[in-house]
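In what follows, a single structure is set out as structure tokens and then discussed.
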Amino acid sequence: WEVVDNSVDEALAGHATFITTTINPDGSCTVVDDGRGIPTDVHPKTKVSALETVLTVLHAGGKFENQGGSGGYKVSGGLHGVGISVVNALSESVDVSVDRGSKEYSMRFERGVPVTDLQVNTASGKIADDDIQARLNELKTKKKEEGDKEASQAIKIEQENLKLLQTLQQKRETGTKVTFLPDINVFKGDKGTPDISFDPSRLKGRMDEI
């Protein structure tokens, strides 16, 4: 939840309008927001980018409130107060991309260690989410088949929410995208065997609470 909570902090501060969480086929999870984006300038103490510092230094997030221009990026340390650096340390891989100032900054980490330098590209922050369009197409067909008035209303509300999200994604200029794959050597299931699967219902419940 550390990754999601950092995005929530941006939303609560009035800097983000949406947060999406996606479970990918390879078992990884992607969290995207349209906040200010993690700062990427060199941090005066660590002498590396603020992005790398946030991902590798425990409790580093909240130190960037006044860094990086435009107020920087303030986080509360996440739900458990340990920050995204712990997610990074417990993941087989973490890919981070940040959209700030009409540029995309990206880095890759493996088991907490950066394996690439900070990459900089000129790119648009706009997002084209094929899953959302596929769901809208599915709902359109379902609505034609659905005869129940209450069910039809629920479909209509979901369609409106998804269309709003599409609009926000197309307007996106800044934000952070984090894709992390939990380390199978760290996480164990109920029977003690390796298990990095996510529980969709639990994720949905938590996101609904937020």
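By order of appearance in the structure tokens: chains A, B, ..., then residues from 1 within every chain, and ligands from 1 in the order shown.
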Closest pair table for range 123-185 of chain A residues within 9 Å of range 7-18 of chain A, only C-alpha atoms, as CSV:
```
residue,atom,partner,partner_atom,distance
A:Leu165,CA,A:Phe18,CA,7.2
A:Leu168,CA,A:Phe18,CA,7.4
A:Gln169,CA,A:Phe18,CA,8.2
A:Gly175,CA,A:Ala16,CA,8.0
A:Thr176,CA,A:Ser7,CA,8.1
```
* Leaving out range 80-96 of chain A and any residue of its chain fewer than 6 positions from it, which residues lie within 7 Å of it when counting only C-alpha atoms, given as a VMD selection string? -> chain A and resid 2 to 3 54 to 59 61 106 to 112 177 to 183 186
Restricting it to C-alpha atoms, dump the selection as a PDB file, in the first residue's frame.
```pdb
ATOM      1  CA  GLU A   2       2.998   2.315   0.267  1.00  0.00           C
ATOM      2  CA  VAL A   3       2.909   3.011  -3.479  1.00  0.00           C
ATOM      3  CA  VAL A  54      13.005   8.136  -2.593  1.00  0.00           C
ATOM      4  CA  LEU A  55      13.329   4.572  -3.884  1.00  0.00           C
ATOM      5  CA  THR A  56      16.425   3.616  -1.879  1.00  0.00           C
ATOM      6  CA  VAL A  57      16.485   5.625   1.375  1.00  0.00           C
ATOM      7  CA  LEU A  58      14.130   4.677   4.224  1.00  0.00           C
ATOM      8  CA  HIS A  59      11.694   7.459   5.224  1.00  0.00           C
ATOM      9  CA  GLY A  61       9.823  10.767   0.897  1.00  0.00           C
ATOM     10  CA  SER A 106      12.581   6.650 -15.761  1.00  0.00           C
ATOM     11  CA  MET A 107      14.662   4.220 -13.706  1.00  0.00           C
ATOM     12  CA  ARG A 108      14.686   0.479 -13.070  1.00  0.00           C
ATOM     13  CA  PHE A 109      15.563  -1.210  -9.801  1.00  0.00           C
ATOM     14  CA  GLU A 110      16.107  -4.877  -8.989  1.00  0.00           C
ATOM     15  CA  ARG A 111      15.837  -6.006  -5.365  1.00  0.00           C
ATOM     16  CA  GLY A 112      16.309  -2.434  -4.199  1.00  0.00           C
ATOM     17  CA  LYS A 177       3.901   5.422 -12.689  1.00  0.00           C
ATOM     18  CA  VAL A 178       5.308   2.581 -10.592  1.00  0.00           C
ATOM     19  CA  THR A 179       5.337  -1.071 -11.668  1.00  0.00           C
ATOM     20  CA  PHE A 180       6.631  -3.531  -9.085  1.00  0.00           C
ATOM     21  CA  LEU A 181       6.996  -7.309  -9.070  1.00  0.00           C
ATOM     22  CA  PRO A 182       7.102  -8.759  -5.520  1.00  0.00           C
ATOM     23  CA  ASP A 183      10.131 -10.965  -4.844  1.00  0.00           C
ATOM     24  CA  VAL A 186      10.485 -13.170   0.114  1.00  0.00           C
TER      25      VAL A 186
END
```
* To do: DSSP on the backbone, then: every residue of range 3-191 of chain A marked alpha helix (DSSP H), written as an MDAnalysis selection string.
  => chainID A and resid 3:12 50:56 84:89 130:145 149:171
